[in-house]
Amino acid sequence: MTDKEQLDLLTDRYRTLKQEIAKVIVGQHEAVDSLLLSVFSGGHCLLLGVPGLAKTLMVNTLAQTLGLSFSRIQFTPDLMPSDITGSEILDRERNFKFIQGPVFAGIVLADEINRTPPKTQAALLEAMQERRVTVGGTSYPLPSPFFVLATQNPIEQEGTYPLPEAQLDRFMFNVRLDYPSFEEEVAIVKQTTVAPASQVQRILSADDILAFQEAICRMPVADNVVEYAVRLVTSTRQQNKYISWGAGPRASQYLIVGARTYAALHGKYSPDAEDVRAVAHNVLRHRIVRNYFAEAEGISTDQIVNELLMS
């Protein structure tokens with residue numbers, strides 16, 4: 001199958017995936033789009049939203065439609081690194097045997113990731129970057145494809161441990177979930193209070209996802225599009241009234257990877273500047289550090305990104 005045929009098939013499967021997920025998830029179209037974008041881009045995603053917005057259900061439904069194994073880790077203050085990666089035990093023959101932890105899954109949901117101390121948060125760093133874990137001096141490869149989808153409550157800060165910038169940078173996207181509209185909430189109540197939720201069908205397999213990712217990686221990108229993405233990122237490092245620290249080179253990389261995927265999902269064979277702008281907020285939102293003036297005046301990172309996109 002040629003790359004063009006592969007991309008055409010991806011566009012068709014993308015529409016089918018959205019229809020299948022919509023059987024269970026009412027609304028949240030932008031969040032679902034962003035999750036699918038991160039999956040086909042091969043990146044991890046941080047979901048920011050108050051409790052009750054179906055974040056866990058959304059990720060579980062996504063795993064079912066993609067045909068990937070799913071593991072949910074509830075992050076708590078007493079969670080240990082070995083509770084995530086796994087540990088070695090002594091068997092009856094007095095030999096050490098490695099027992100895999102819940103991180104060994106195609107999609108790992110790190111629920112309320114900021115509720116566990118930094119030492120445990122760091123257990124995910126190697127897994128997210130290298131797609132492996134090291135226990136007792138031995139490295140164990142993780143399944144392929146492998147995605148970490150983490151959730152975080154933006155309101156409740158008591159008893160939480162903010163993610164360090166190095167770990168935030170490992171997430172390709174930072175996606176914010178909003179409250180549903182009145183009509184959507186009515187539909188949610190009707191759907192969830194009278195009968196069990198609809199069952200979704202598997203649309204893709206792990207091999208399909210890897211094939212689509214490879215086709216997306218081979219998409220040509222014009223030099224002016226790459227330069228536009230880099231200029232956008234470097235503008236966050238220049239003198240700005242509201243920015244303390246700007247985004248690093250990984251943001252430029254993710255802008256191009258995300259633009260490629262966004263273009264592919266919408267029937268294009270090469271991304272343009274519009275595709276870069278379409279993913280800019282999700283890529284830059286958690287990579288810009290606001291200063292005192294921004295916090296004092298109530299200027300959000302989204303407003304800063306809007307200003308940079310218009311300049």
# chains A, B, ... in the order shown; residues from 1 in each chain; ligands from 1
call {"tool": "residues_around", "arguments": {"residues": "stretch 37-53 of chain A", "least_positions_apart": "6", "cutoff": "8 Å", "atoms": "only C-alpha atoms", "output": "VMD selection string"}}
result
chain A and resid 128 145 to 155 170 to 179 209 212 to 213 216 257 to 258 261 to 262
call {"tool": "write_last_selection", "arguments": {"atoms": "N, CA and C atoms", "output": "compact mmCIF listing (two decimals), in the first residue's frame"}}
result
# COMPACT_ATOMS: atom_id res chain seq x y z
N MET A 128 8.22 6.99 29.47
CA MET A 128 7.68 7.92 28.48
C MET A 128 8.70 8.27 27.41
N PRO A 145 2.49 0.03 20.00
CA PRO A 145 2.69 1.39 20.49
C PRO A 145 2.43 1.51 22.00
N PHE A 146 2.97 2.60 22.59
CA PHE A 146 2.83 2.84 24.02
C PHE A 146 2.50 4.30 24.25
N PHE A 147 1.43 4.54 25.02
CA PHE A 147 1.00 5.91 25.28
C PHE A 147 0.69 6.08 26.76
N VAL A 148 1.12 7.22 27.32
CA VAL A 148 0.73 7.61 28.67
C VAL A 148 -0.26 8.76 28.54
N LEU A 149 -1.45 8.55 29.04
CA LEU A 149 -2.48 9.59 29.06
C LEU A 149 -2.76 9.90 30.53
N ALA A 150 -2.35 11.07 30.98
CA ALA A 150 -2.44 11.43 32.39
C ALA A 150 -3.55 12.44 32.60
N THR A 151 -4.19 12.38 33.77
CA THR A 151 -5.23 13.35 34.12
C THR A 151 -4.79 14.16 35.32
N GLN A 152 -5.33 15.38 35.40
CA GLN A 152 -4.97 16.27 36.49
C GLN A 152 -6.15 17.19 36.77
N ASN A 153 -6.43 17.43 38.04
CA ASN A 153 -7.49 18.33 38.46
C ASN A 153 -6.89 19.72 38.64
N PRO A 154 -7.31 20.72 37.84
CA PRO A 154 -6.68 22.04 37.90
C PRO A 154 -7.13 22.89 39.08
N ILE A 155 -8.14 22.44 39.83
CA ILE A 155 -8.69 23.27 40.90
C ILE A 155 -8.11 22.89 42.25
N ARG A 170 7.68 16.06 28.61
CA ARG A 170 7.56 14.74 27.98
C ARG A 170 6.18 14.56 27.36
N PHE A 171 5.20 15.35 27.80
CA PHE A 171 3.86 15.25 27.24
C PHE A 171 3.79 16.09 25.96
N MET A 172 3.38 15.46 24.89
CA MET A 172 3.26 16.19 23.63
C MET A 172 2.18 17.26 23.72
N PHE A 173 1.01 16.86 24.26
CA PHE A 173 -0.15 17.76 24.35
C PHE A 173 -0.57 17.97 25.79
N ASN A 174 -1.06 19.17 26.05
CA ASN A 174 -1.77 19.47 27.29
C ASN A 174 -3.17 19.90 26.88
N VAL A 175 -4.15 19.05 27.15
CA VAL A 175 -5.52 19.26 26.67
C VAL A 175 -6.43 19.66 27.82
N ARG A 176 -7.18 20.72 27.64
CA ARG A 176 -8.10 21.18 28.67
C ARG A 176 -9.53 20.77 28.30
N LEU A 177 -10.22 20.14 29.25
CA LEU A 177 -11.60 19.73 29.05
C LEU A 177 -12.52 20.76 29.70
N ASP A 178 -13.52 21.19 28.96
CA ASP A 178 -14.49 22.15 29.48
C ASP A 178 -15.76 21.43 29.90
N TYR A 179 -16.60 22.16 30.65
CA TYR A 179 -17.90 21.62 31.01
C TYR A 179 -18.74 21.40 29.75
N ILE A 209 -1.97 1.06 13.79
CA ILE A 209 -1.52 2.34 14.34
C ILE A 209 -0.07 2.59 13.96
N PHE A 212 0.19 3.57 10.30
CA PHE A 212 -0.25 4.95 10.08
C PHE A 212 0.80 5.93 10.57
N GLN A 213 1.42 5.65 11.71
CA GLN A 213 2.46 6.52 12.24
C GLN A 213 3.64 6.62 11.28
N ILE A 216 2.70 8.81 8.34
CA ILE A 216 2.69 10.23 8.73
C ILE A 216 4.11 10.77 8.81
N VAL A 257 5.35 17.53 14.11
CA VAL A 257 4.75 16.19 14.18
C VAL A 257 3.22 16.31 14.29
N GLY A 258 2.76 17.21 15.16
CA GLY A 258 1.32 17.40 15.33
C GLY A 258 0.67 17.95 14.08
N THR A 261 0.22 15.17 11.55
CA THR A 261 -0.89 14.29 11.90
C THR A 261 -2.23 14.98 11.67
N TYR A 262 -2.32 16.25 12.07
CA TYR A 262 -3.56 17.01 11.87
C TYR A 262 -3.91 17.08 10.38
call {"tool": "select_by_dssp", "arguments": {"residues": "stretch 73-237 of chain A", "states": "strand (DSSP E)", "output": "PyMOL selection string"}}
result
chain A and resi 73-74+86-90+96-100+107-111+132-135+138-141+147-152+171-176
call {"tool": "residues_around", "arguments": {"residues": "stretch 68-81 of chain A", "least_positions_apart": "4", "cutoff": "9 Å", "atoms": "only C-alpha atoms", "output": "MDAnalysis selection string"}}
result
chainID A and resid 56 59:60 62:64 85:86 102:117 119:124 145 159:160 204:206
call {"tool": "closest_residue", "arguments": {"among": "A:Leu232, A:Ile99, A:Leu265, A:Ala54", "to": "A:Leu308", "atoms": "only C-alpha atoms"}}
result
A:Leu232
call {"tool": "closest_residue", "arguments": {"among": "A:Ile203, A:Val233, A:Ile304, A:Val279", "to": "A:Thr65", "atoms": "only C-alpha atoms"}}
result
A:Ile203
call {"tool": "residues_around", "arguments": {"residues": "A:Arg287", "least_positions_apart": "3", "cutoff": "12 Å", "atoms": "only C-alpha atoms", "output": "number ranges by chain"}}
result
A: 164-174, 233, 236-237, 243-252, 254, 280-284, 290, 301-302, 304-305
call {"tool": "atom_distance", "arguments": {"atom1": "atom CA of A:Leu66", "atom2": "atom CA of A:Glu5"}}
result
19.9 Å
call {"tool": "closest_residue", "arguments": {"among": "A:Val24, A:Val189, A:Val221, A:Ile256", "to": "A:Tyr269", "atoms": "only C-alpha atoms"}}
result
A:Val221
call {"tool": "residues_around", "arguments": {"residues": "A:Arg131", "least_positions_apart": "5", "cutoff": "7 Å", "atoms": "only C-alpha atoms", "output": "PyMOL selection string"}}
result
chain A and resi 126+141-142
call {"tool": "atom_distance", "arguments": {"atom1": "atom CA of A:Asp83", "atom2": "atom CA of A:Gln129"}}
result
19.0 Å
call {"tool": "closest_residue", "arguments": {"among": "A:Gln238, A:Glu214, A:Val26, A:Asn224", "to": "A:Glu183", "atoms": "only C-alpha atoms"}}
result
A:Val26
